[in-house]
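Let me begin by presenting the structure, written as structure tokens, before commenting on it.
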Amino acid sequence: MALSQRLKDFWEARENLWLEIRNDSVKEEFIADGLTSEDLELLRKLIISWNFTLPAFEILLKTNPDVAIDILFDRYLSIDLTKSPRNLGSDLEIMFDDVKEVLGEEKLKEILNSPRFLSKNKRTRYVKEAITFALDED
């Protein structure tokens, strides 16, 4: 129950932050007040750390695998990863491994062979490494 409330609180805080961080007058006031070292560190973390993806994916995979797999395709495998500003290899390694662990190797192979998985992504070095990692991991 506590995690459920934290998820709700996080989402509400995230939505409020999204509105405020995009508001020019709020940003200018924030800057004018002078940023503390803690503010600077939090901004740095905000830029580099959106790290809830993998635990959330694992929970969805265990509770609603169809939704988790749709997200995997919609946010990773069905978009052109060659144009992605991020190297998503480590995320994919863990997500593929979670699919194999939770749903089995056959389900992972089904995903890897799906027409929804863009063939150009399969040729990307870090995607190939993620596939190899998940298939070799035992």
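The chains in the structure tokens are called A, B, ... from first to last as shown; in each chain the residues are counted from 1, and the ligands are counted from 1 in the order shown.
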Practice prompt. Just the residues within 12 Å of Ile71 (chain A), please, counting only C-alpha atoms, with nothing from its chain fewer than 2 positions along; format it as a ChimeraX atom specification.
Written response: /A:53-54,56-58,60-61,64-69,73-79,95,116
Discussion item. Need the shell around region 123-137 of chain A: protein/DNA/RNA residues with any atom at most 10 Å away, counting only C-alpha atoms. Skip same-chain ones fewer than 5 positions apart. Format as a ChimeraX atom specification?
Written reply: /A:77,81-82,87-101,105,108-109,112,118
Discussion item. Taking only chain A into account, list the residues labelled alpha helix (DSSP H) by DSSP (computed from the backbone), as a VMD selection string.
Written reply: chain A and resid 2 to 21 24 to 32 37 to 48 53 to 63 65 to 72 89 to 103 105 to 112 119 to 122 125 to 136
Serialized selection, C-alpha atoms, as an mmCIF file, in the first residue's frame:
```cif
data_model
loop_
_atom_site.group_PDB
_atom_site.id
_atom_site.type_symbol
_atom_site.label_atom_id
_atom_site.label_comp_id
_atom_site.auth_asym_id
_atom_site.auth_seq_id
_atom_site.Cartn_x
_atom_site.Cartn_y
_atom_site.Cartn_z
ATOM 1 C CA ALA A 2 2.842 2.417 0.780
ATOM 2 C CA LEU A 3 4.333 1.999 -2.693
ATOM 3 C CA SER A 4 0.947 2.715 -4.256
ATOM 4 C CA GLN A 5 0.721 6.017 -2.350
ATOM 5 C CA ARG A 6 4.321 6.913 -3.221
ATOM 6 C CA LEU A 7 3.539 6.328 -6.900
ATOM 7 C CA LYS A 8 0.545 8.673 -6.676
ATOM 8 C CA ASP A 9 2.566 11.288 -4.763
ATOM 9 C CA PHE A 10 5.451 11.024 -7.232
ATOM 10 C CA TRP A 11 3.174 11.440 -10.215
ATOM 11 C CA GLU A 12 1.482 14.475 -8.680
ATOM 12 C CA ALA A 13 4.869 16.021 -7.815
ATOM 13 C CA ARG A 14 6.171 15.246 -11.306
ATOM 14 C CA GLU A 15 3.163 16.883 -12.939
ATOM 15 C CA ASN A 16 3.566 19.976 -10.752
ATOM 16 C CA LEU A 17 7.295 20.130 -11.508
ATOM 17 C CA TRP A 18 6.591 19.766 -15.237
ATOM 18 C CA LEU A 19 4.205 22.736 -15.147
ATOM 19 C CA GLU A 20 6.526 24.904 -13.067
ATOM 20 C CA ILE A 21 9.800 24.085 -14.811
ATOM 21 C CA ASP A 24 9.127 31.246 -17.739
ATOM 22 C CA SER A 25 8.167 33.468 -14.804
ATOM 23 C CA VAL A 26 8.630 30.635 -12.303
ATOM 24 C CA LYS A 27 12.010 29.800 -13.848
ATOM 25 C CA GLU A 28 13.136 33.426 -13.762
ATOM 26 C CA GLU A 29 12.078 33.756 -10.100
ATOM 27 C CA PHE A 30 13.954 30.554 -9.275
ATOM 28 C CA ILE A 31 17.082 31.864 -10.982
ATOM 29 C CA ALA A 32 16.728 35.331 -9.417
ATOM 30 C CA SER A 37 24.407 23.926 -4.310
ATOM 31 C CA GLU A 38 21.530 21.569 -3.477
ATOM 32 C CA ASP A 39 19.421 23.130 -6.257
ATOM 33 C CA LEU A 40 22.268 22.642 -8.714
ATOM 34 C CA GLU A 41 22.722 19.024 -7.662
ATOM 35 C CA LEU A 42 18.988 18.346 -7.973
ATOM 36 C CA LEU A 43 18.915 19.884 -11.455
ATOM 37 C CA ARG A 44 21.881 17.712 -12.434
ATOM 38 C CA LYS A 45 20.123 14.614 -11.110
ATOM 39 C CA LEU A 46 16.951 15.607 -12.928
ATOM 40 C CA ILE A 47 18.822 15.710 -16.206
ATOM 41 C CA ILE A 48 20.641 12.385 -15.859
ATOM 42 C CA THR A 53 11.963 2.994 -15.941
ATOM 43 C CA LEU A 54 13.388 -0.412 -15.182
ATOM 44 C CA PRO A 55 11.727 -1.121 -11.809
ATOM 45 C CA ALA A 56 8.385 0.091 -13.192
ATOM 46 C CA PHE A 57 8.813 -2.130 -16.266
ATOM 47 C CA GLU A 58 9.538 -5.157 -14.077
ATOM 48 C CA ILE A 59 6.415 -4.549 -11.970
ATOM 49 C CA LEU A 60 4.264 -4.173 -15.087
ATOM 50 C CA LEU A 61 5.821 -7.276 -16.611
ATOM 51 C CA LYS A 62 4.813 -9.287 -13.543
ATOM 52 C CA THR A 63 1.315 -7.806 -13.236
ATOM 53 C CA PRO A 65 2.709 -8.337 -19.286
ATOM 54 C CA ASP A 66 0.753 -7.198 -22.357
ATOM 55 C CA VAL A 67 1.017 -3.557 -21.296
ATOM 56 C CA ALA A 68 4.716 -3.945 -20.471
ATOM 57 C CA ILE A 69 5.442 -5.507 -23.857
ATOM 58 C CA ASP A 70 3.458 -2.810 -25.659
ATOM 59 C CA ILE A 71 5.576 -0.188 -23.874
ATOM 60 C CA LEU A 72 8.740 -2.055 -24.851
ATOM 61 C CA GLY A 89 21.596 -0.624 -24.468
ATOM 62 C CA SER A 90 21.752 -1.111 -20.719
ATOM 63 C CA ASP A 91 17.993 -0.512 -20.404
ATOM 64 C CA LEU A 92 17.316 -3.047 -23.154
ATOM 65 C CA GLU A 93 19.695 -5.588 -21.622
ATOM 66 C CA ILE A 94 17.748 -5.493 -18.368
ATOM 67 C CA MET A 95 14.326 -5.332 -20.029
ATOM 68 C CA PHE A 96 15.088 -8.279 -22.312
ATOM 69 C CA ASP A 97 16.518 -10.214 -19.367
ATOM 70 C CA ASP A 98 13.416 -9.421 -17.282
ATOM 71 C CA VAL A 99 11.165 -10.660 -20.104
ATOM 72 C CA LYS A 100 13.153 -13.893 -20.240
ATOM 73 C CA GLU A 101 13.116 -14.293 -16.453
ATOM 74 C CA VAL A 102 9.425 -13.479 -15.950
ATOM 75 C CA LEU A 103 7.805 -14.766 -19.158
ATOM 76 C CA GLU A 105 12.892 -17.457 -23.241
ATOM 77 C CA GLU A 106 10.247 -18.348 -25.840
ATOM 78 C CA LYS A 107 8.375 -15.096 -25.162
ATOM 79 C CA LEU A 108 11.639 -13.171 -25.464
ATOM 80 C CA LYS A 109 12.350 -14.835 -28.811
ATOM 81 C CA GLU A 110 8.800 -14.030 -29.946
ATOM 82 C CA ILE A 111 9.434 -10.354 -29.155
ATOM 83 C CA LEU A 112 12.838 -10.408 -30.855
ATOM 84 C CA SER A 119 15.078 -4.453 -38.382
ATOM 85 C CA LYS A 120 17.370 -1.387 -38.415
ATOM 86 C CA ASN A 121 17.309 -1.476 -34.605
ATOM 87 C CA LYS A 122 18.423 -5.104 -34.615
ATOM 88 C CA ARG A 125 25.514 -2.400 -31.898
ATOM 89 C CA TYR A 126 24.033 -1.825 -28.464
ATOM 90 C CA VAL A 127 20.781 -3.591 -29.381
ATOM 91 C CA LYS A 128 22.737 -6.609 -30.642
ATOM 92 C CA GLU A 129 24.694 -6.598 -27.378
ATOM 93 C CA ALA A 130 21.472 -6.417 -25.342
ATOM 94 C CA ILE A 131 20.009 -9.370 -27.245
ATOM 95 C CA THR A 132 23.190 -11.410 -26.781
ATOM 96 C CA PHE A 133 23.283 -10.531 -23.083
ATOM 97 C CA ALA A 134 19.687 -11.632 -22.490
ATOM 98 C CA LEU A 135 19.944 -14.842 -24.505
ATOM 99 C CA ASP A 136 23.264 -15.874 -22.956
#
```
